[in-house]
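Asker: Pasting a structure here, questions to come.
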Number of protein chains: 4
Amino acid sequence: MTVSREVELSGHIIDSGMMQACFGAIMDLGGSFEVDEFRIGRSEVEESYARLTVFADTEAELRSIVHELHQNGANPSHPVDASLEPAPDDQVVPPDFYSTTNHPTEVRYEGEWLPVDRIEMDCAVVVEEGAGSEGGADDDDADDSDGGPRAYTKVLNSIEEGDLVVTGETGIRVRPPERPRDREGAFGFMQGGVSSERPSESTIGQVAEAIAETKREGGSILAVCGPALVHSGAREDLARLVREGYVDMLSAGNGFAVHDLERDLYGTSLGMDTETLDHPRKGHKHHIYTISEIIRAGGIREAVDAGLVESGVMYECVENDRPYVLAGSIRDDGPLPDTITDAVEAQNAIREQAHEADLVLMLSTLLHSVAVGNCLSSTTRVICVDINPATVTQLLDRGSAQAVGMVTDIGTFVPILAEQLLDE
Amino acid sequence: MTVSREVELSGHIIDSGMMQACFGAIMDLGGSFEVDEFRIGRSEVEESYARLTVFADTEAELRSIVHELHQNGANPSHPVDASLEPAPDDQVVPPDFYSTTNHPTEVRYEGEWLPVDRIEMDCAVVVEEGAGSEGGADDDDADDSDGGPRAYTKVLNSIEEGDLVVTGETGIRVRPPERPRDREGAFGFMQGGVSSERPSESTIGQVAEAIAETKREGGSILAVCGPALVHSGAREDLARLVREGYVDMLSAGNGFAVHDLERDLYGTSLGMDTETLDHPRKGHKHHIYTISEIIRAGGIREAVDAGLVESGVMYECVENDRPYVLAGSIRDDGPLPDTITDAVEAQNAIREQAHEADLVLMLSTLLHSVAVGNCLSSTTRVICVDINPATVTQLLDRGSAQAVGMVTDIGTFVPILAEQLLDE
Amino acid sequence: MTVSREVELSGHIIDSGMMQACFGAIMDLGGSFEVDEFRIGRSEVEESYARLTVFADTEAELRSIVHELHQNGANPSHPVDASLEPAPDDQVVPPDFYSTTNHPTEVRYEGEWLPVDRIEMDCAVVVEEGAGSEGGADDDDADDSDGGPRAYTKVLNSIEEGDLVVTGETGIRVRPPERPRDREGAFGFMQGGVSSERPSESTIGQVAEAIAETKREGGSILAVCGPALVHSGAREDLARLVREGYVDMLSAGNGFAVHDLERDLYGTSLGMDTETLDHPRKGHKHHIYTISEIIRAGGIREAVDAGLVESGVMYECVENDRPYVLAGSIRDDGPLPDTITDAVEAQNAIREQAHEADLVLMLSTLLHSVAVGNCLSSTTRVICVDINPATVTQLLDRGSAQAVGMVTDIGTFVPILAEQLLDE
Amino acid sequence: MTVSREVELSGHIIDSGMMQACFGAIMDLGGSFEVDEFRIGRSEVEESYARLTVFADTEAELRSIVHELHQNGANPSHPVDASLEPAPDDQVVPPDFYSTTNHPTEVRYEGEWLPVDRIEMDCAVVVEEGAGSEGGADDDDADDSDGGPRAYTKVLNSIEEGDLVVTGETGIRVRPPERPRDREGAFGFMQGGVSSERPSESTIGQVAEAIAETKREGGSILAVCGPALVHSGAREDLARLVREGYVDMLSAGNGFAVHDLERDLYGTSLGMDTETLDHPRKGHKHHIYTISEIIRAGGIREAVDAGLVESGVMYECVENDRPYVLAGSIRDDGPLPDTITDAVEAQNAIREQAHEADLVLMLSTLLHSVAVGNCLSSTTRVICVDINPATVTQLLDRGSAQAVGMVTDIGTFVPILAEQLLDE
């Protein structure tokens, strides 16, 4: 027995790789296809269109193929509405719920395609039938609502009993981002993947231009920072970037904040004086003393207000009202009172930042970068910097359309970046 | 002006490196010394003894030197009692509190040296004046108490108002572990540091022997596991080791458990069939479906009891009553109901495991290994396995006396280890 | 002014990515295109065909685009003969000579398309006008010659005065390898790129099957080996594979041979006993003594014949007539008399092996693997194993169509491979 | 039966670690000892002295222990002359020849201790009986000779029939370098091992100071350079350092020179414009065209003289008479006419540079750095910079007393270094 289904693709389906991916998926999964219609864009600005019939031996195989095609942007020719089912309990999704990609997605509801708000990977899609939007989403998005139905993502642990959750795969349209049409402009370089053998200073110049361009467009920049940034001596220059408005939000861990504050209180990082490179007395205990001082003060803001802390990244965040999220981890000392120790609560705080960001700088932290990356749409710009090529590769490997990685020393990267943005 | 202090060292102070470290510290910090007395052990079984007068230009410099000597096992010749001060508030230590190393430590209280229980790095030392030991420590340790005074560590966030906390550095004795006297026996190889160019199979044979020896001695083995263990196909062999009693406790993250359970429920790990290497339909969604199924069941134990989960590492832990700690992190999907999402609570659970373990196997996870390592005394045996040499180096770099690292593929390491322990 | 050129593509131009690459190249280089004709293969077995007109602002830009299209398999619609020019001197090519890719290539000569023999990257193409083929190529290829004209590659340092060298880019056709049509069969897995998170034992099983299949087809296997193979204890199992005929040729450096022979003469590798892990007396001098013993004997074969060497990889090569190339390097001790110290001479020897191989195993050596890889056609099967993911990535990044990498420990890989090939 | 031997140690035997190493060696190898005499330096400027009797069960074991002690600086109490034996043939050493460490060494000849010239690892020691020094050593060293007997190293392949070669281990004294007495001065930081988490800019400042200090002292600086230096955009700044006299000699491979020259001829490196980051037409062929142009010109100097090459590192070397060695390798394209393709000849050229250097900068090349490092005495200063921590670790792991490593991006390191040396 052979079963078949008709699917279509449209857009820049050749140079985006969409068509190649679909042909590959069919063959890998043991199916076959016939091209029923194919209209190629006659030039680089015209879109193309393809309609295929996909064949497989069994309905199960066919569904497997159609699922893969769907992930790659091919959709059934004759769409029907998405299936909706109420969540049976808090945190419990209906069986066969649809789990999202990080690409822009629409669901079909009463014959209309609704864009899915707050798209990110591995979520459920909840449809609200309209009018009020209380409960489901944050206020910002609610403002956009005109009272009609809307769709948005929810992570599993936010599902509430009765939420109408999309199930199955019908009535869902995914649009993997297309390859930008040219390499011009500040973001042209952001298609280059990982660059370990590219000219370092020139590449930092392009990062600077991308940041400047984002600010000129009124965009918001989120810096995700690891403690190596402080150890490697880049703290003062990052603090300048915060002060001068090139960092709008900060996402980090307890350790980053501790070492930044240690530098202010004791002049050291990991016990080493970052200027003289001396190891003063008890240097290796400074981080634990720092924690104890900040606990005594009641928190970072309190320590700044009390004049205890007078410089650094956290200081500039407090003084210039740049919101920060310090997410806890099981390797933390302390932690500081500002650190959100519950992982789910911390993820929610990170999620808000991620959704607001137009450009994300991932600076020498795998854990926090993955956490932020998990919450990003594939259309958000990402610049990832680490001295470990495996970290950069892993972070870029998440299907972002405008992501670029640079393998370099964060301790020289940030100073050169700051010089290019601030001193020229 | 010159100030001076007299300190002494005793034990195998030459071949442990203690004497070299002390001489180096004095010179690095700008001091000088005179050797007042030196008795060398005349053979390899006799201990040596040295008494020095240390000189410095200022009292501050001298204290800095004496602090370093103290960390390296040199102690003042004429000990006095440790200073104690009550904690002014919950989670707030007195200024100048003593922050621990991970080496065996004693504090002097009313003229007696009390061993510090539950020694680990970066803690405060609390002294209880005797009789009752309620509140301060866990029951196990309390059983050892004879009603006299006792000393034990507390992490900062466990400090309670009124706890008597050791401050300053007088009356404290640290004993860095000495180099074992020979390389014979199952643990002889555990002095070799990182081995990336050592014969792999022979080294695994030594790890197997160290595990077997620990079990013969009635010791307890803690396995700290990362998800790569499942992806690389080592899950079934680790499950066998749990079942056969070579793993007594498990420490892992949400991701490890999810991928282990995914393999049971869907036959895949990260969506790949670990035997045929096929990628079945929707494979990349299996992990999120797995989470949703376990949430629906109410937890891992419930899923095992209901017959939903029938194999794997978590299954064997449940069936054989091996306690496990799943610590949450901000990159988790889900998480599973069993995952402890609060970092402080998770650390406390990890701490209990770490203190109970006689041998710790760190298998392909940096985050969880660091968290466990933070809670270990320098005398606990540690075997660390990872394919990334930087991970192994970082984990071994924590002053453990009996720690060994192996740079290898966890996907071949565990099967060969299981074969050597179970099939020979 | 706008200039234009017509090019065509044919074959499986969509799922091979050829079409996507061409569209991308045109846009990246600032050109535009119109699709004049497009016939899509109606199913996965039919080929497709596209004819485009490419536009650019200047002739220079247009040539730049056409060059890139050419590299990706698009060719001018109306081919003319390739231009030929005599080399002005030994080792000196004519200006604007054509430098090869590693893909199958044809040059047009007197209206006929000649396949280019011995294709490899960065060479010149020399055309011989027929009849005799003396001088130009090795005997093997000469046997295939029917006396007509032939084309073959020459590296720059082999060019002789008067050689007819192809210049420019007309009359040259490059065929990048197409994606295999399915993932079945022993080589199906060889499209997976680098696998660091794949099940190790199952993946080794597939490597074993690919090797067995190559031998069943009468193919020739070249093993490229680094010294880590000996240090990690895999020597005995590799020796078995040589003896049993699973390795037909060996390519290595002086160091590999020295450590293999040291193991035979002294029972150590880098001074360590690879079974007991002991370090016997003067172990770190064994490699230099080994070199001196083999020099004294006159060479490896002489040492085997004299009964001095009685086991190991080099021993089995000698005893079983597996040809080996030991290429010298500036970090060598000695070297052994067998080592080819001149880099050009060594490259020529490696080149002969590379051209003869049907499957190349690259085992824990970057330098020698790059040297061999430089001489391979993109159609040769390559399996690359290293514990360093950067090495594997770099080696696979060379446009081979059937190449697979595995990040694992060579010290466990070879024993498991040998077990699967020999003991089952 | 027990056998014994008396050995002595003197110098700063405790803080250099010498005594610890000797005690450890005895115990590891199953021996025992008695300390017959021990005089400790009473302060940090006084030397210490120890005399031990070492015991073992067999003469073989005892010799094994004494060998290890010898390597660590312990010498027999009652020295006799070294044994000398003539080499039986060219390149053939006498059996049981003494193979050198890289530490300063003396051999006892006719009751006198002769320093061994040109010390480096894994060589034979040849003694010339005086007066003439024809044949044995290079002219420079010969000038120092006063006609008396002298000792110097020879690599195996330079041994000539009849050379008087030291055998056994008697009459040889090795002095492992002692730990410098303080951390002050430009070279104080050169004891820190690998720094991956140290402040980058401050550390580069210390490297600059060490270079400046070496020049002020009239020392000679050897730069060992890999091609990544060019790709990463550091070429212009290195060229400035050559021009301004901060690099006296250059050691590199064919690839480094090719990419440096490509940048001059085509404005690209690996086909990429290192300033605009564009990929011009045929960029990936530029390196092979560069080689062909330089071959056509007859070599690098000829190309500079002809005005073909007008900038870059090689240009500055030619123009400013900085001698360079380009060593060939099996992965080279071309090679250039200047490249020494024979590994033994190249090693000899490298050896001359290494022996002349007072400070060696190893910049982003493992192969060439190992080759240079093999020829260095343990007293030569080495600064090693690479983005891969494993490379830095491997290079530092060779027993140099004044070696420091920095894990950073060469593309930012060299510009910041040049700025600190030249612009301040």
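Every chain in the structure tokens has a letter given in the order shown (A, B, ...), and although residue numbers restart at 1 in each chain, ligands are simply numbered from 1 in the order shown.
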Would you list which chain D residues are within 7 Å of chain A using only C-alpha atoms, as a ChimeraX atom specification?
Answerer: /D:197-202,228,231-233,274-275,387,408-409,411-412
Asker: How about saving the chosen residues, all heavy atoms kept, as a short mmCIF file (atom, residue, chain, number, x, y, z; two decimals), in the first residue's frame?
Answerer:
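part.cif, freshly written:
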data_model
loop_
_atom_site.label_atom_id
_atom_site.label_comp_id
_atom_site.auth_asym_id
_atom_site.auth_seq_id
_atom_site.Cartn_x
_atom_site.Cartn_y
_atom_site.Cartn_z
N GLU D 197 43.00 32.46 32.96
CA GLU D 197 42.05 33.31 33.66
C GLU D 197 42.76 34.48 34.31
O GLU D 197 42.38 34.93 35.38
CB GLU D 197 41.27 32.50 34.70
CG GLU D 197 40.33 31.50 34.06
CD GLU D 197 39.00 31.41 34.78
OE1 GLU D 197 39.00 31.49 36.01
OE2 GLU D 197 37.97 31.27 34.10
N ARG D 198 43.82 34.96 33.67
CA ARG D 198 44.49 36.13 34.20
C ARG D 198 44.12 37.35 33.36
O ARG D 198 43.72 37.22 32.21
CB ARG D 198 46.00 35.92 34.19
CG ARG D 198 46.42 34.82 35.15
CD ARG D 198 47.87 34.50 35.05
NE ARG D 198 48.68 35.60 35.56
CZ ARG D 198 50.01 35.55 35.62
NH1 ARG D 198 50.64 34.47 35.19
NH2 ARG D 198 50.69 36.56 36.10
N PRO D 199 44.26 38.51 33.93
CA PRO D 199 43.88 39.72 33.20
C PRO D 199 44.73 39.86 31.94
O PRO D 199 45.95 39.94 32.00
CB PRO D 199 44.16 40.84 34.20
CG PRO D 199 44.12 40.18 35.54
CD PRO D 199 44.65 38.80 35.30
N SER D 200 44.09 39.91 30.80
CA SER D 200 44.81 39.80 29.54
C SER D 200 45.69 41.00 29.29
O SER D 200 46.88 40.86 28.98
CB SER D 200 43.80 39.65 28.40
OG SER D 200 42.93 38.58 28.68
N GLU D 201 45.14 42.20 29.39
CA GLU D 201 45.95 43.37 29.04
C GLU D 201 47.14 43.54 29.98
O GLU D 201 48.24 43.86 29.55
CB GLU D 201 45.08 44.63 29.03
CG GLU D 201 44.10 44.62 27.85
CD GLU D 201 43.55 46.01 27.59
OE1 GLU D 201 43.08 46.66 28.56
OE2 GLU D 201 43.56 46.44 26.43
N SER D 202 46.93 43.30 31.27
CA SER D 202 48.04 43.43 32.22
C SER D 202 49.13 42.39 31.94
O SER D 202 50.32 42.67 32.04
CB SER D 202 47.54 43.27 33.66
OG SER D 202 46.47 44.14 33.92
N ALA D 228 48.28 31.34 11.63
CA ALA D 228 47.12 31.97 12.25
C ALA D 228 47.38 33.43 12.56
O ALA D 228 46.47 34.25 12.58
CB ALA D 228 46.73 31.22 13.52
N HIS D 231 46.28 35.18 9.42
CA HIS D 231 44.81 35.11 9.24
C HIS D 231 44.10 36.00 10.24
O HIS D 231 43.05 36.55 9.96
CB HIS D 231 44.30 33.68 9.44
CG HIS D 231 45.02 32.67 8.62
ND1 HIS D 231 45.48 32.93 7.35
CD2 HIS D 231 45.36 31.37 8.88
CE1 HIS D 231 46.07 31.84 6.88
NE2 HIS D 231 46.02 30.90 7.78
N SER D 232 44.64 36.09 11.45
CA SER D 232 43.94 36.80 12.50
C SER D 232 44.23 38.30 12.45
O SER D 232 43.78 39.03 13.32
CB SER D 232 44.34 36.24 13.86
OG SER D 232 45.68 36.54 14.12
N GLY D 233 44.97 38.74 11.45
CA GLY D 233 45.13 40.18 11.25
C GLY D 233 46.30 40.80 12.02
O GLY D 233 46.38 42.01 12.13
N THR D 274 41.90 40.98 4.92
CA THR D 274 41.96 41.05 6.39
C THR D 274 41.49 42.39 6.93
O THR D 274 41.36 42.54 8.14
CB THR D 274 43.37 40.74 6.91
OG1 THR D 274 44.30 41.53 6.19
CG2 THR D 274 43.71 39.28 6.75
N GLU D 275 41.25 43.36 6.08
CA GLU D 275 40.67 44.60 6.60
C GLU D 275 39.17 44.69 6.36
O GLU D 275 38.39 44.90 7.28
CB GLU D 275 41.39 45.81 6.02
CG GLU D 275 42.64 46.12 6.84
CD GLU D 275 43.42 47.29 6.29
OE1 GLU D 275 42.81 48.15 5.63
OE2 GLU D 275 44.64 47.31 6.53
N ILE D 387 45.69 30.21 21.43
CA ILE D 387 44.29 30.26 21.87
C ILE D 387 43.84 28.90 22.39
O ILE D 387 42.85 28.78 23.08
CB ILE D 387 43.37 30.76 20.73
CG1 ILE D 387 42.07 31.32 21.32
CG2 ILE D 387 43.12 29.67 19.69
CD1 ILE D 387 41.32 32.23 20.40
N THR D 408 45.36 33.17 24.74
CA THR D 408 44.66 34.35 24.24
C THR D 408 44.61 34.29 22.72
O THR D 408 45.10 33.34 22.10
CB THR D 408 45.33 35.65 24.74
OG1 THR D 408 44.52 36.76 24.37
CG2 THR D 408 46.70 35.83 24.12
N ASP D 409 44.00 35.31 22.14
CA ASP D 409 43.82 35.41 20.70
C ASP D 409 45.03 36.14 20.13
O ASP D 409 45.27 37.31 20.43
CB ASP D 409 42.53 36.21 20.47
CG ASP D 409 42.24 36.47 19.01
OD1 ASP D 409 43.07 36.14 18.15
OD2 ASP D 409 41.16 37.01 18.73
N GLY D 411 45.44 37.39 17.41
CA GLY D 411 45.00 38.54 16.61
C GLY D 411 44.75 39.79 17.43
O GLY D 411 44.69 40.89 16.89
N THR D 412 44.59 39.65 18.72
CA THR D 412 44.52 40.83 19.59
C THR D 412 45.81 40.98 20.39
O THR D 412 46.20 42.08 20.73
CB THR D 412 43.31 40.76 20.54
OG1 THR D 412 43.34 39.54 21.29
CG2 THR D 412 42.00 40.80 19.76
#
Asker: What gap, in Å, lies between CA of Gly219 in chain A and CA of Asp358 in chain A?
Answerer: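 Spanning CA of Gly219 in chain A to CA of Asp358 in chain A is a straight-line distance of 5.5 Å.
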Asker: Find, counting only C-alpha atoms, the residue in B:Asp338, B:Asp248, B:Glu44, B:Glu169 that gets nearest to Ala223 in chain B.
Answerer: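 Comparing B:Asp338, B:Asp248, B:Glu44, B:Glu169 against Ala223 in chain B, the winner is B:Asp248.
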Asker: Pick out each residue of range 40-226 of chain B that DSSP on the backbone tags as helix (DSSP H, G or I); I need them as a PyMOL selection string.
Answerer: chain B and resi 59-71+139-144+156-158+200-216
Asker: What's the separation between CA of Asp386 in chain A and CA of Val360 in chain A, in Å to one decimal place?
Answerer: 13.9 Å
Asker: Can you work out the spacing between CA of Val127 in chain C and CA of Ala151 in chain C in Å, to one decimal?
Answerer: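 Interatomic distance here is 4.3 Å.
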Asker: For range 97-111 of chain D, list every protein, DNA or RNA residue within 9 Å, evaluated using only C-alpha atoms, and leave out those in the same chain fewer than 2 positions away; present the list as a PDB file with C-alpha atoms, in the first residue's frame.
Answerer:
ATOM      1  CA  LYS C 285      65.198   7.502  27.400  1.00  0.00           C
ATOM      2  CA  ILE C 288      66.107   7.568  21.939  1.00  0.00           C
ATOM      3  CA  TYR C 289      67.677   4.166  22.621  1.00  0.00           C
TER       4      TYR C 289
ATOM      5  CA  GLN D  71      67.917  13.441  36.624  1.00  0.00           C
ATOM      6  CA  PRO D  79      82.528  11.149  41.637  1.00  0.00           C
ATOM      7  CA  VAL D  80      84.729   9.414  39.112  1.00  0.00           C
ATOM      8  CA  ASP D  81      85.427  10.334  35.524  1.00  0.00           C
ATOM      9  CA  ALA D  82      82.748   9.857  32.893  1.00  0.00           C
ATOM     10  CA  SER D  83      83.153   6.825  30.624  1.00  0.00           C
ATOM     11  CA  LEU D  84      83.978   7.600  27.028  1.00  0.00           C
ATOM     12  CA  GLU D  85      83.630   5.324  24.051  1.00  0.00           C
ATOM     13  CA  VAL D  93      76.290   5.797  19.123  1.00  0.00           C
ATOM     14  CA  PRO D  94      77.990   3.324  21.442  1.00  0.00           C
ATOM     15  CA  PRO D  95      75.583   1.116  23.422  1.00  0.00           C
ATOM     16  CA  TRP D 113      84.232  19.051  35.558  1.00  0.00           C
ATOM     17  CA  LEU D 114      83.670  20.260  31.993  1.00  0.00           C
ATOM     18  CA  PRO D 115      80.461  22.167  31.255  1.00  0.00           C
ATOM     19  CA  VAL D 116      78.550  20.628  28.343  1.00  0.00           C
ATOM     20  CA  ASP D 117      78.130  23.216  25.584  1.00  0.00           C
ATOM     21  CA  ILE D 119      72.910  21.605  26.013  1.00  0.00           C
ATOM     22  CA  GLU D 120      69.573  20.298  24.760  1.00  0.00           C
ATOM     23  CA  MET D 121      67.450  17.192  25.331  1.00  0.00           C
ATOM     24  CA  ASP D 122      67.978  13.720  23.946  1.00  0.00           C
ATOM     25  CA  CYS D 123      71.488  14.246  22.606  1.00  0.00           C
ATOM     26  CA  ALA D 124      74.749  12.415  23.039  1.00  0.00           C
ATOM     27  CA  VAL D 125      77.644  14.174  24.783  1.00  0.00           C
ATOM     28  CA  VAL D 127      84.220  15.047  24.498  1.00  0.00           C
ATOM     29  CA  PRO D 149      89.312  19.587  26.399  1.00  0.00           C
ATOM     30  CA  ALA D 151      82.302  18.660  25.926  1.00  0.00           C
ATOM     31  CA  THR D 153      76.031  17.803  22.627  1.00  0.00           C
ATOM     32  CA  VAL D 165      80.771   9.643  23.369  1.00  0.00           C
ATOM     33  CA  VAL D 166      79.887   9.650  27.078  1.00  0.00           C
ATOM     34  CA  THR D 167      78.320   6.358  28.209  1.00  0.00           C
ATOM     35  CA  GLY D 168      76.770   5.200  31.467  1.00  0.00           C
ATOM     36  CA  GLU D 169      75.889   7.668  34.168  1.00  0.00           C
ATOM     37  CA  THR D 170      78.989   8.151  36.246  1.00  0.00           C
ATOM     38  CA  GLY D 171      80.905  11.383  36.120  1.00  0.00           C
ATOM     39  CA  ILE D 172      77.908  13.408  34.994  1.00  0.00           C
ATOM     40  CA  ARG D 173      76.340  16.238  36.964  1.00  0.00           C
ATOM     41  CA  VAL D 174      72.970  17.753  36.129  1.00  0.00           C
ATOM     42  CA  ARG D 175      71.713  21.014  37.653  1.00  0.00           C
ATOM     43  CA  PRO D 176      67.957  21.446  37.295  1.00  0.00           C
ATOM     44  CA  PRO D 177      67.301  25.188  37.400  1.00  0.00           C
ATOM     45  CA  ASN D 374      63.455  20.616  21.540  1.00  0.00           C
ATOM     46  CA  CYS D 375      66.664  22.579  21.009  1.00  0.00           C
ATOM     47  CA  LEU D 376      66.398  24.872  24.028  1.00  0.00           C
ATOM     48  CA  SER D 377      68.244  24.667  27.299  1.00  0.00           C
ATOM     49  CA  SER D 378      66.001  24.749  30.363  1.00  0.00           C
ATOM     50  CA  THR D 379      67.470  28.148  31.199  1.00  0.00           C
ATOM     51  CA  ARG D 398      59.196  20.656  28.991  1.00  0.00           C
ATOM     52  CA  GLY D 399      61.003  21.629  32.100  1.00  0.00           C
ATOM     53  CA  SER D 400      61.932  25.189  31.284  1.00  0.00           C
TER      54      SER D 400
END
Asker: Set the distance at 8 Å and use only C-alpha atoms: which residues neighbour Tyr315 in chain D once local chain neighbours fewer than 5 positions away are removed? I'd like the list as a count of residues only.
Answerer: 3
